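Student: Okay, so here is my_file30.cif, and as you'll see once you scroll down, it has mmCIF, C-alpha atoms.
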```
data_start
loop_
_atom_site.label_atom_id
_atom_site.label_comp_id
_atom_site.auth_asym_id
_atom_site.auth_seq_id
_atom_site.Cartn_x
_atom_site.Cartn_y
_atom_site.Cartn_z
CA MET A 1 30.06 7.44 -0.01
CA PRO A 2 26.77 5.96 1.36
CA ILE A 3 24.87 7.43 -1.62
CA ILE A 4 27.34 5.88 -4.08
CA LEU A 5 27.01 2.50 -2.36
CA ILE A 6 23.21 2.70 -2.48
CA ILE A 7 23.24 3.55 -6.19
CA LEU A 8 25.61 0.63 -6.86
CA ALA A 9 23.40 -1.71 -4.82
CA PHE A 10 20.29 -0.77 -6.78
CA ALA A 11 22.20 -1.09 -10.07
CA VAL A 12 23.19 -4.64 -9.10
CA LEU A 13 19.57 -5.45 -8.23
CA ILE A 14 18.47 -4.26 -11.69
CA LEU A 15 21.17 -6.30 -13.42
CA ILE A 16 20.23 -9.53 -11.65
CA GLY A 17 16.60 -9.11 -12.70
CA THR A 18 14.97 -7.89 -9.48
CA PRO A 19 11.37 -6.78 -10.15
CA LEU A 20 11.34 -3.05 -10.80
CA PHE A 21 8.52 -2.28 -8.36
CA THR A 22 10.57 -3.67 -5.46
CA ILE A 23 13.51 -1.45 -6.41
CA ILE A 24 11.32 1.64 -6.72
CA GLY A 25 9.59 0.82 -3.44
CA ALA A 26 12.90 0.22 -1.68
CA ILE A 27 14.25 3.61 -2.83
CA SER A 28 11.08 5.27 -1.52
CA LEU A 29 11.23 3.50 1.85
CA TYR A 30 14.91 4.26 2.29
CA GLY A 31 14.41 7.92 1.40
CA PHE A 32 11.53 8.43 3.81
CA SER A 33 13.30 6.53 6.58
CA GLN A 34 16.30 8.85 6.24
CA GLU A 35 13.94 11.79 6.73
CA GLY A 36 12.28 10.15 9.74
CA ILE A 37 8.93 9.79 7.93
CA ASP A 38 6.73 6.74 8.51
CA ALA A 39 6.71 4.03 5.81
CA ALA A 40 2.95 4.55 5.49
CA ALA A 41 3.81 7.50 3.22
CA VAL A 42 4.58 4.88 0.57
CA THR A 43 1.90 2.27 1.22
CA ILE A 44 -0.87 4.85 1.45
CA GLU A 45 -0.30 5.59 -2.24
CA LEU A 46 -1.78 2.18 -3.08
CA TYR A 47 -5.00 3.27 -1.40
CA ARG A 48 -4.95 6.64 -3.19
CA LEU A 49 -4.34 4.83 -6.48
CA ALA A 50 -7.27 2.48 -5.86
CA SER A 51 -9.58 5.43 -5.17
CA GLN A 52 -9.00 7.06 -8.56
CA PRO A 53 -11.99 6.49 -10.90
CA VAL A 54 -9.80 6.30 -14.02
CA LEU A 55 -8.02 3.27 -12.54
CA LEU A 56 -10.99 1.08 -13.48
CA ALA A 57 -10.23 1.65 -17.15
CA ILE A 58 -6.90 -0.22 -16.92
CA PRO A 59 -8.19 -3.76 -16.13
CA LEU A 60 -11.24 -3.32 -18.36
CA PHE A 61 -9.33 -2.22 -21.46
CA THR A 62 -6.66 -4.86 -20.73
CA VAL A 63 -9.09 -7.75 -20.62
CA ALA A 64 -10.80 -6.46 -23.79
CA GLY A 65 -7.44 -6.40 -25.55
CA TYR A 66 -6.61 -9.92 -24.40
CA PHE A 67 -9.97 -11.22 -25.63
CA LEU A 68 -9.25 -9.72 -29.05
CA ALA A 69 -5.70 -11.11 -29.09
CA GLU A 70 -6.85 -14.64 -28.26
CA SER A 71 -9.69 -14.63 -30.82
CA ASN A 72 -9.56 -14.62 -34.61
CA ALA A 73 -9.95 -10.83 -34.64
CA PRO A 74 -6.37 -10.28 -35.96
CA LYS A 75 -7.12 -12.40 -39.05
CA ARG A 76 -10.38 -10.55 -39.69
CA ILE A 77 -8.69 -7.14 -39.32
CA VAL A 78 -5.96 -8.05 -41.82
CA ALA A 79 -8.47 -9.54 -44.28
CA LEU A 80 -10.62 -6.40 -44.23
CA ALA A 81 -7.70 -4.00 -44.59
CA GLN A 82 -6.26 -6.05 -47.44
CA ALA A 83 -9.61 -6.15 -49.27
CA LEU A 84 -10.09 -2.38 -48.97
CA ILE A 85 -6.63 -0.97 -49.68
CA GLY A 86 -4.64 -3.88 -51.14
CA TRP A 87 -4.94 -2.25 -54.58
CA MET A 88 -2.75 0.73 -53.61
CA PRO A 89 1.00 0.95 -54.26
CA GLY A 90 2.48 -0.60 -51.14
CA GLY A 91 -1.06 -1.52 -50.20
CA LEU A 92 -0.21 -4.67 -48.25
CA ALA A 93 2.43 -2.81 -46.25
CA ILE A 94 -0.20 -0.21 -45.30
CA VAL A 95 -2.56 -3.07 -44.40
CA VAL A 96 0.05 -4.37 -41.96
CA LEU A 97 0.66 -0.88 -40.58
CA ILE A 98 -3.01 -0.14 -39.92
CA SER A 99 -3.78 -3.62 -38.57
CA CYS A 100 -0.89 -3.52 -36.11
CA ALA A 101 -1.72 0.02 -34.97
CA ILE A 102 -5.34 -0.88 -34.23
CA PHE A 103 -4.28 -4.04 -32.43
CA THR A 104 -1.62 -2.25 -30.33
CA ALA A 105 -4.12 0.43 -29.32
CA PHE A 106 -6.38 -2.23 -27.82
CA THR A 107 -3.76 -4.53 -26.31
CA GLY A 108 -1.57 -1.72 -24.97
CA GLY A 109 1.70 -3.43 -25.84
CA SER A 110 3.82 -3.78 -28.94
CA GLY A 111 5.14 -7.18 -27.87
CA VAL A 112 1.67 -8.71 -28.02
CA THR A 113 1.14 -7.28 -31.50
CA ILE A 114 4.43 -8.59 -32.88
CA VAL A 115 3.77 -12.07 -31.49
CA ALA A 116 0.05 -12.23 -32.37
CA LEU A 117 0.04 -10.49 -35.76
CA GLY A 118 3.65 -10.91 -36.81
CA GLY A 119 3.38 -14.59 -37.67
CA LEU A 120 0.27 -13.84 -39.70
CA VAL A 121 1.44 -10.89 -41.81
CA PHE A 122 5.18 -11.55 -42.21
CA PRO A 123 4.75 -14.57 -44.56
CA ILE A 124 2.11 -12.65 -46.53
CA LEU A 125 4.54 -9.76 -47.09
CA ILE A 126 7.24 -12.15 -48.30
CA SER A 127 4.81 -13.95 -50.63
CA GLU A 128 3.84 -10.59 -52.17
CA LYS A 129 7.48 -9.95 -53.17
CA TYR A 130 8.42 -7.51 -50.42
CA SER A 131 12.03 -7.99 -49.36
CA GLU A 132 12.66 -9.87 -46.13
CA LYS A 133 14.56 -6.89 -44.72
CA PHE A 134 11.71 -4.46 -45.41
CA SER A 135 9.08 -6.91 -44.11
CA LEU A 136 11.01 -7.50 -40.90
CA GLY A 137 11.51 -3.78 -40.33
CA LEU A 138 7.86 -2.97 -41.05
CA VAL A 139 6.40 -5.55 -38.67
CA THR A 140 8.89 -4.63 -35.93
CA THR A 141 8.11 -0.92 -36.34
CA SER A 142 4.34 -1.29 -36.65
CA GLY A 143 4.20 -3.12 -33.34
CA SER A 144 4.34 0.09 -31.32
CA LEU A 145 2.61 2.64 -33.57
CA GLY A 146 -0.81 2.39 -31.93
CA LEU A 147 0.16 3.68 -28.49
CA LEU A 148 -1.21 7.17 -29.19
CA PHE A 149 -4.68 5.96 -30.13
CA PRO A 150 -7.50 5.26 -27.67
CA PRO A 151 -7.87 3.11 -25.63
CA SER A 152 -4.09 2.90 -25.15
CA LEU A 153 -3.12 1.99 -21.58
CA PRO A 154 0.06 4.13 -21.60
CA ILE A 155 -2.11 7.22 -22.21
CA ILE A 156 -4.17 6.36 -19.12
CA LEU A 157 -1.03 5.85 -17.05
CA TYR A 158 0.49 9.15 -18.16
CA GLY A 159 -2.75 10.97 -17.34
CA THR A 160 -2.76 9.41 -13.87
CA PHE A 161 0.80 10.44 -13.08
CA ALA A 162 0.72 13.87 -14.72
CA GLU A 163 -2.73 14.60 -13.23
CA VAL A 164 -4.22 15.63 -16.57
CA SER A 165 -7.46 14.56 -18.23
CA VAL A 166 -7.25 11.11 -19.83
CA ASP A 167 -10.13 12.05 -22.13
CA ALA A 168 -8.16 15.09 -23.34
CA LEU A 169 -5.08 12.92 -23.89
CA PHE A 170 -7.13 10.48 -25.98
CA LYS A 171 -8.17 13.37 -28.21
CA ALA A 172 -4.66 14.81 -28.32
CA GLY A 173 -3.07 11.58 -29.49
CA ILE A 174 -5.19 11.09 -32.61
CA VAL A 175 -3.50 13.55 -34.99
CA PRO A 176 0.12 12.85 -33.88
CA GLY A 177 -0.64 9.13 -34.11
CA ILE A 178 -1.84 9.60 -37.68
CA VAL A 179 1.31 11.62 -38.49
CA LEU A 180 3.54 8.77 -37.26
CA MET A 181 1.60 6.26 -39.34
CA LEU A 182 1.56 8.55 -42.37
CA VAL A 183 5.34 8.89 -42.61
CA VAL A 184 5.76 5.11 -42.39
CA ALA A 185 2.98 4.63 -44.96
CA LEU A 186 4.67 7.02 -47.41
CA TYR A 187 7.96 5.19 -47.01
CA SER A 188 6.17 1.87 -47.53
CA ILE A 189 4.52 3.15 -50.73
CA GLN A 190 7.91 4.29 -52.02
CA GLN A 191 9.47 0.90 -51.25
CA GLY A 192 6.53 -0.97 -52.78
CA SER A 193 6.81 1.01 -56.00
CA LYS A 194 10.60 0.62 -56.08
CA ALA A 195 10.34 -3.17 -55.71
CA HIS A 196 7.49 -3.36 -58.29
CA VAL A 197 5.32 -5.24 -55.83
CA PRO A 198 2.21 -6.52 -57.65
CA ARG A 199 -1.11 -4.83 -56.85
CA HIS A 200 -4.45 -6.55 -56.65
CA PRO A 201 -7.49 -4.93 -58.29
CA PHE A 202 -10.26 -3.93 -55.93
CA ASP A 203 -12.82 -6.72 -55.65
CA MET A 204 -16.22 -5.59 -54.38
CA LYS A 205 -17.31 -9.13 -53.53
CA LYS A 206 -14.13 -9.81 -51.56
CA ALA A 207 -14.45 -6.48 -49.74
CA TRP A 208 -18.08 -7.22 -48.87
CA MET A 209 -17.24 -10.68 -47.52
CA ALA A 210 -14.39 -9.29 -45.40
CA THR A 211 -16.65 -6.53 -44.07
CA LYS A 212 -19.41 -8.99 -43.31
CA ALA A 213 -16.97 -11.21 -41.42
CA ILE A 214 -15.84 -8.40 -39.12
CA VAL A 215 -19.09 -6.45 -38.91
CA TRP A 216 -19.38 -6.91 -35.13
CA GLU A 217 -15.85 -5.61 -34.47
CA ILE A 218 -15.81 -2.64 -36.85
CA PRO A 219 -17.75 -0.31 -34.49
CA LEU A 220 -15.26 -0.66 -31.61
CA PRO A 221 -12.60 1.96 -32.51
CA PHE A 222 -15.22 4.42 -33.79
CA PHE A 223 -17.33 3.92 -30.69
CA ILE A 224 -14.41 4.76 -28.40
CA ILE A 225 -12.95 7.64 -30.41
CA PHE A 226 -16.18 9.44 -31.24
CA GLY A 227 -17.78 8.69 -27.87
CA ILE A 228 -14.91 10.23 -25.91
CA TYR A 229 -14.25 12.98 -28.46
CA GLY A 230 -17.96 13.90 -28.52
CA GLY A 231 -18.13 14.03 -24.73
CA TYR A 232 -20.75 11.29 -24.53
CA PHE A 233 -18.83 9.25 -21.96
CA THR A 234 -15.55 9.12 -20.06
CA ALA A 235 -12.62 6.77 -20.61
CA THR A 236 -13.76 4.61 -17.67
CA GLU A 237 -17.29 4.29 -19.06
CA ALA A 238 -15.87 3.48 -22.50
CA ALA A 239 -13.68 0.78 -20.94
CA ALA A 240 -16.65 -0.89 -19.23
CA VAL A 241 -18.76 -0.97 -22.39
CA THR A 242 -15.80 -2.10 -24.52
CA ALA A 243 -14.92 -5.02 -22.22
CA PHE A 244 -18.53 -6.23 -22.10
CA TYR A 245 -19.04 -5.78 -25.84
CA VAL A 246 -15.84 -7.64 -26.78
CA PHE A 247 -16.71 -10.45 -24.34
CA VAL A 248 -20.17 -10.93 -25.88
CA VAL A 249 -18.91 -10.70 -29.48
CA GLU A 250 -15.93 -13.06 -29.18
CA VAL A 251 -17.61 -15.64 -26.90
CA PHE A 252 -21.25 -15.74 -27.99
CA ILE A 253 -21.36 -14.32 -31.54
CA TYR A 254 -18.10 -15.40 -33.20
CA LYS A 255 -17.57 -18.19 -30.64
CA ASP A 256 -13.78 -17.88 -30.99
CA LEU A 257 -13.41 -18.32 -27.23
CA LYS A 258 -14.95 -21.03 -25.06
CA PHE A 259 -16.84 -19.71 -22.04
CA PHE A 260 -15.70 -22.32 -19.51
CA THR A 261 -12.11 -22.80 -20.68
CA ASP A 262 -10.76 -19.81 -22.62
CA VAL A 263 -12.51 -17.00 -20.74
CA PRO A 264 -11.14 -17.85 -17.25
CA ARG A 265 -7.66 -18.39 -18.71
CA VAL A 266 -7.62 -15.11 -20.62
CA MET A 267 -8.98 -13.17 -17.64
CA LYS A 268 -6.33 -14.65 -15.38
CA GLU A 269 -3.50 -13.82 -17.80
CA SER A 270 -4.74 -10.26 -18.31
CA MET A 271 -5.12 -9.60 -14.59
CA VAL A 272 -1.57 -10.80 -13.93
CA LEU A 273 -0.42 -7.98 -16.20
CA VAL A 274 -2.76 -5.52 -14.48
CA GLY A 275 -1.43 -6.58 -11.08
CA ALA A 276 2.14 -5.95 -12.22
CA ILE A 277 1.16 -2.52 -13.56
CA LEU A 278 -0.58 -1.56 -10.32
CA MET A 279 2.38 -2.63 -8.20
CA ILE A 280 4.71 -0.48 -10.30
CA LEU A 281 2.26 2.44 -10.15
CA GLY A 282 1.79 2.24 -6.38
CA CYS A 283 5.51 2.12 -5.65
CA ALA A 284 6.25 4.80 -8.26
CA MET A 285 3.69 7.15 -6.69
CA GLY A 286 5.38 6.59 -3.32
CA LEU A 287 8.71 7.54 -4.92
CA THR A 288 7.02 10.58 -6.48
CA ASN A 289 5.93 11.73 -3.02
CA TYR A 290 9.49 11.49 -1.79
CA LEU A 291 10.88 13.38 -4.78
CA ILE A 292 8.32 16.16 -4.33
CA ASP A 293 8.97 16.27 -0.57
CA GLN A 294 12.67 16.77 -1.32
CA GLN A 295 11.84 19.40 -3.97
CA VAL A 296 13.73 17.41 -6.59
CA PRO A 297 11.74 18.81 -9.58
CA GLN A 298 12.44 22.39 -8.49
CA LYS A 299 16.13 21.67 -7.97
CA LEU A 300 16.28 19.89 -11.31
CA PHE A 301 14.76 22.90 -13.04
CA GLU A 302 17.16 25.28 -11.30
CA TYR A 303 20.09 23.19 -12.51
CA ILE A 304 18.80 22.79 -16.08
CA SER A 305 17.86 26.49 -16.38
CA GLN A 306 21.46 27.45 -15.66
CA VAL A 307 22.56 25.47 -18.71
CA VAL A 308 19.48 25.63 -20.96
CA SER A 309 17.61 28.88 -21.46
CA SER A 310 15.94 28.04 -24.77
CA LYS A 311 12.70 26.06 -24.97
CA ILE A 312 13.84 24.61 -28.31
CA PHE A 313 17.10 23.32 -26.83
CA PHE A 314 15.26 21.95 -23.80
CA LEU A 315 12.98 19.92 -26.09
CA VAL A 316 16.05 18.49 -27.84
CA ILE A 317 17.48 17.37 -24.50
CA LEU A 318 14.07 16.06 -23.41
CA ASN A 319 13.73 13.92 -26.53
CA ILE A 320 17.21 12.44 -26.09
CA PHE A 321 16.49 11.70 -22.42
CA LEU A 322 13.14 10.03 -23.20
CA LEU A 323 14.66 7.93 -26.00
CA ILE A 324 17.30 6.62 -23.60
CA ILE A 325 14.72 5.92 -20.88
CA GLY A 326 12.38 4.22 -23.35
CA MET A 327 15.17 2.09 -24.75
CA MET A 328 16.18 0.87 -21.27
CA MET A 329 12.69 0.33 -19.79
CA GLU A 330 9.31 -0.94 -20.93
CA ILE A 331 6.64 1.74 -20.98
CA PHE A 332 4.95 0.90 -17.68
CA SER A 333 8.25 1.34 -15.86
CA ALA A 334 9.31 4.45 -17.79
CA ILE A 335 6.21 6.23 -16.51
CA VAL A 336 8.08 6.78 -13.23
CA VAL A 337 9.96 9.74 -14.76
CA VAL A 338 6.75 11.65 -15.54
CA PRO A 339 6.51 13.48 -12.16
CA LEU A 340 10.07 14.71 -12.70
CA ILE A 341 9.70 16.07 -16.22
CA VAL A 342 6.19 17.58 -15.98
CA PRO A 343 7.05 20.40 -13.51
CA VAL A 344 10.27 21.20 -15.36
CA ALA A 345 8.53 21.25 -18.75
CA LYS A 346 5.85 23.59 -17.38
CA GLN A 347 8.56 26.09 -16.50
CA TYR A 348 9.51 26.17 -20.18
CA GLY A 349 5.89 26.76 -21.21
CA ILE A 350 5.19 23.23 -22.46
CA ASP A 351 1.58 22.11 -22.07
CA PRO A 352 1.32 18.87 -20.00
CA ILE A 353 -0.97 17.34 -22.65
CA HIS A 354 1.50 18.14 -25.43
CA LEU A 355 4.27 16.79 -23.20
CA GLY A 356 2.34 13.53 -22.84
CA ILE A 357 2.20 13.07 -26.59
CA ILE A 358 5.94 13.84 -26.88
CA PHE A 359 6.59 11.35 -24.08
CA LEU A 360 4.67 8.51 -25.74
CA ALA A 361 5.96 9.25 -29.25
CA ASN A 362 9.52 9.00 -27.96
CA LEU A 363 8.80 5.70 -26.25
CA GLU A 364 7.28 4.30 -29.45
CA ILE A 365 10.53 5.04 -31.28
CA ALA A 366 12.74 3.98 -28.35
CA TYR A 367 11.30 0.46 -28.60
CA LEU A 368 13.16 0.20 -31.94
CA LEU A 369 16.55 1.55 -30.89
CA PRO A 370 19.52 -0.78 -30.62
CA PRO A 371 20.97 -2.34 -28.60
CA VAL A 372 18.13 -3.01 -26.13
CA GLY A 373 14.89 -1.72 -27.67
CA LEU A 374 12.04 -4.03 -26.63
CA ASN A 375 10.64 -4.53 -30.16
CA LEU A 376 14.02 -5.74 -31.39
CA PHE A 377 13.99 -8.60 -28.90
CA MET A 378 10.34 -9.47 -29.55
CA ALA A 379 10.89 -9.57 -33.33
CA SER A 380 14.14 -11.50 -32.93
CA PHE A 381 12.31 -14.11 -30.84
CA ARG A 382 9.24 -14.27 -33.09
CA PHE A 383 11.03 -14.49 -36.46
CA LYS A 384 14.18 -16.28 -35.27
CA LYS A 385 16.50 -13.53 -36.50
CA SER A 386 19.53 -12.03 -34.76
CA ILE A 387 19.17 -8.73 -32.95
CA GLY A 388 21.61 -7.23 -35.46
CA GLU A 389 19.46 -8.27 -38.43
CA VAL A 390 16.35 -6.81 -36.86
CA ALA A 391 18.14 -3.59 -35.90
CA ILE A 392 19.47 -3.05 -39.44
CA ALA A 393 16.00 -3.71 -40.89
CA THR A 394 14.41 -1.07 -38.66
CA LEU A 395 16.95 1.74 -39.30
CA PRO A 396 15.11 3.32 -42.30
CA PHE A 397 11.87 3.30 -40.30
CA ILE A 398 13.59 4.95 -37.33
CA PHE A 399 14.78 7.74 -39.63
CA VAL A 400 11.30 8.54 -40.98
CA LEU A 401 9.82 8.32 -37.47
CA PHE A 402 12.37 10.89 -36.27
CA VAL A 403 10.99 13.26 -38.91
CA ALA A 404 7.51 12.78 -37.46
CA LEU A 405 8.86 13.20 -33.90
CA ILE A 406 10.33 16.60 -34.81
CA LEU A 407 6.94 17.70 -36.15
CA ILE A 408 5.10 16.45 -33.05
CA THR A 409 7.63 18.10 -30.73
CA TYR A 410 7.83 21.54 -32.35
CA VAL A 411 4.28 21.87 -33.67
CA PRO A 412 2.18 21.61 -30.49
CA GLU A 413 -0.98 22.42 -32.45
CA LEU A 414 -0.91 18.86 -33.79
CA SER A 415 -1.55 17.63 -30.25
CA LEU A 416 -3.73 20.45 -28.95
CA TRP A 417 -6.08 21.51 -31.74
CA LEU A 418 -8.65 18.80 -30.93
CA VAL A 419 -8.35 19.57 -27.21
CA VAL A 420 -8.40 23.35 -27.07
CA PRO A 421 -11.91 24.69 -27.84
#
```
What would the structure in this file look like if it were written as structure tokens?
Tutor:
Amino acid sequence: MPIILIILAFAVLILIGTPLFTIIGAISLYGFSQEGIDAAAVTIELYRLASQPVLLAIPLFTVAGYFLAESNAPKRIVALAQALIGWMPGGLAIVVLISCAIFTAFTGGSGVTIVALGGLVFPILISEKYSEKFSLGLVTTSGSLGLLFPPSLPIILYGTFAEVSVDALFKAGIVPGIVLMLVVALYSIQQGSKAHVPRHPFDMKKAWMATKAIVWEIPLPFFIIFGIYGGYFTATEAAAVTAFYVFVVEVFIYKDLKFFTDVPRVMKESMVLVGAILMILGCAMGLTNYLIDQQVPQKLFEYISQVVSSKIFFLVILNIFLLIIGMMMEIFSAIVVVPLIVPVAKQYGIDPIHLGIIFLANLEIAYLLPPVGLNLFMASFRFKKSIGEVAIATLPFIFVLFVALILITYVPELSLWLVVP
């Protein structure tokens, strides 16, 4: 009876909007107090978190992403992509897909992408004769498709919790991320051809002007990907250089941001997000300690192994579980389940790096699932459409993404071939 009452109490706290980190922390404190263990077992995790070198990458990549979001970088990205591939069937749709993926990779959140880029690309899609339903579904879907590309914050968080190399995860996410984008691109090409959307001939002068306009920002993704992949620097070092480079480019070269007004504001806003992330992480690591102390992962595996003996069936259950978790929580909160699933997945022979890619791919799709997927609410707010309209528009995209998810789940080589020497 006391356990049931506690669960009900925490459910009520969630429903009334209590911050998640306080709920996670309270569960940890209650659990340790029941075992007669000092509360320092929870608070000490904040110190352990602060001592991890990879932690520095979180605020640095976050502030870099916010600088890009507040500048005119989104417009320059779209202009370049449109100049280079606008001639293809469904070219503009692919422009939107690539632009959103790049932007999400740097900002770390699909909501920022939908709000920042959505208002820019949605009217362009409509003006180019794409249907409103397709345009709405594409922008809503594209908002989360960059989470597998460096320097994605969710990758860093997974690496921290699963205790695996963040650099290896950055490498592992590239091919699966391309697969997810490819299936959406193929569907977009098919829809563009079906609707007889007009194509624009390639214009060398226009392409050159667009390239010239964004010349200072083009090196960023290549610098991060090839630098980490080539072993020239770590994720933390890449974060430091990226933050400084973006600051110099947007403030002093493009002058999109004012040094004395915009920079302090953007830094403050970005660090509020970082503070929220760190509070969730610290409390979640305290809860992880309690779960490990109570041997919850081992007990969970013993229970699951009695019902599920097949690795294939386990992966089916895992995907369903992650889709539900991702639909109910934003990604920084969903990370709390990682310490539970990693030990169990290892028992079924699933590599922790491959598991990380499965984890993030599921969360990307879960953002689109009705009734409470985060992207649905963001798109509904941004485009002033009902949740039902947005959900219906995203259904075809969800279907093609499920095809990619099956490939990513059951073909581990897609995640591991750049990692394993």
Student: One number please: atom CA of Gln190 of chain A to atom CA of Ala93 of chain A, in Å, one decimal.
Tutor: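 Between atom CA of Gln190 of chain A and atom CA of Ala93 of chain A the gap is 10.7 Å.
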Student: Report, in Å to a single decimal, how far apart atom CA of Val266 of chain A and atom CA of Ala50 of chain A are.
Tutor: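 Computing the Euclidean distance for atom CA of Ala50 of chain A and atom CA of Val266 of chain A yields 23.0 Å.
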Student: Quick check, in Å to one decimal: how far apart do atom CA of Leu147 of chain A and atom CA of Thr104 of chain A lie?
Tutor: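 About the pair atom CA of Leu147 of chain A and atom CA of Thr104 of chain A: they are 6.5 Å apart.
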Student: Within 10 Å of segment 269-281 of chain A, which residues of segment 156-232 of chain A come that close, and what is the closest atom pair and distance in Å for each? Count all atoms listed in the file and give it as JSON lines.
Tutor:
```
{"residue": "A:Leu157", "atom": "CA", "partner": "A:Leu281", "partner_atom": "CA", "distance": 8.4}
{"residue": "A:Thr160", "atom": "CA", "partner": "A:Leu281", "partner_atom": "CA", "distance": 9.4}
{"residue": "A:Phe161", "atom": "CA", "partner": "A:Leu281", "partner_atom": "CA", "distance": 8.6}
```
Student: So that I can see what lies close to Gln34 of chain A, please list as a list in words the residues with an atom at most 12 Å from it, counting all atoms listed in the file and leaving out residues fewer than 4 positions away in the same chain.
Tutor: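 Non-adjacent residues within range: Pro2, Ile3, Ile27, Ser28, Leu29, Tyr30, Asp38, Ala39, Tyr290 and Gln294 of chain A.
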Student: Quick one: of A:Leu369, A:Leu55, A:Val249, A:Leu125, who's nearest to Leu401 of chain A, counting all atoms listed in the file?
Tutor: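 Going through A:Leu369, A:Leu55, A:Val249, A:Leu125 one by one, the smallest distance to Leu401 of chain A is for A:Leu369.
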Student: Please write the residues picked by the PyMOL selection byres ((chain A and resi 412) around 12) on this file as a PyMOL selection string.
Tutor: chain A and resi 172-173+175-176+315+349-358+405-411+413-420
Student: Could you list, as number ranges by chain, every residue matched by the PyMOL selection byres ((chain A and resi 53) around 12) in this structure?
Tutor: A: 48-52, 54-58, 156, 160, 165-166, 234-237, 239
Student: What lies within 10 Å of Leu376 of chain A using all atoms listed in the file, ignoring chain neighbours under 3 positions off, as a compact mmCIF listing (two decimals) with C-alpha atoms, in the coordinates of the input?
Tutor:
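Ended up saving to around10.txt:
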```txt
# COMPACT_ATOMS: atom_id res chain seq x y z
CA GLY A 111 5.14 -7.18 -27.87
CA GLY A 137 11.51 -3.78 -40.33
CA THR A 140 8.89 -4.63 -35.93
CA THR A 141 8.11 -0.92 -36.34
CA TYR A 367 11.30 0.46 -28.60
CA LEU A 368 13.16 0.20 -31.94
CA LEU A 369 16.55 1.55 -30.89
CA PRO A 370 19.52 -0.78 -30.62
CA PRO A 371 20.97 -2.34 -28.60
CA VAL A 372 18.13 -3.01 -26.13
CA GLY A 373 14.89 -1.72 -27.67
CA ALA A 379 10.89 -9.57 -33.33
CA SER A 380 14.14 -11.50 -32.93
CA PHE A 381 12.31 -14.11 -30.84
CA ARG A 382 9.24 -14.27 -33.09
CA LYS A 385 16.50 -13.53 -36.50
CA SER A 386 19.53 -12.03 -34.76
CA ILE A 387 19.17 -8.73 -32.95
CA GLY A 388 21.61 -7.23 -35.46
CA GLU A 389 19.46 -8.27 -38.43
CA VAL A 390 16.35 -6.81 -36.86
CA ALA A 391 18.14 -3.59 -35.90
CA ALA A 393 16.00 -3.71 -40.89
CA THR A 394 14.41 -1.07 -38.66
```
Student: List the spatial neighbours of Arg76 of chain A as a ChimeraX atom specification - criterion: any atom at most 8 Å away, all atoms listed in the file, same-chain residues fewer than 4 positions off excluded.
Tutor: /A:72,80,210,213-214
Student: Just the residues within 7 Å of Pro150 of chain A, please, counting all atoms listed in the file, with nothing from its chain fewer than 3 positions along; format it as a PyMOL selection string.
Tutor: chain A and resi 105+170+224-225
Student: Using all atoms listed in the file, which residue out of A:Phe223, A:Trp87, A:Phe313, A:Phe61 lies closest to Thr107 of chain A?
Tutor: A:Phe61
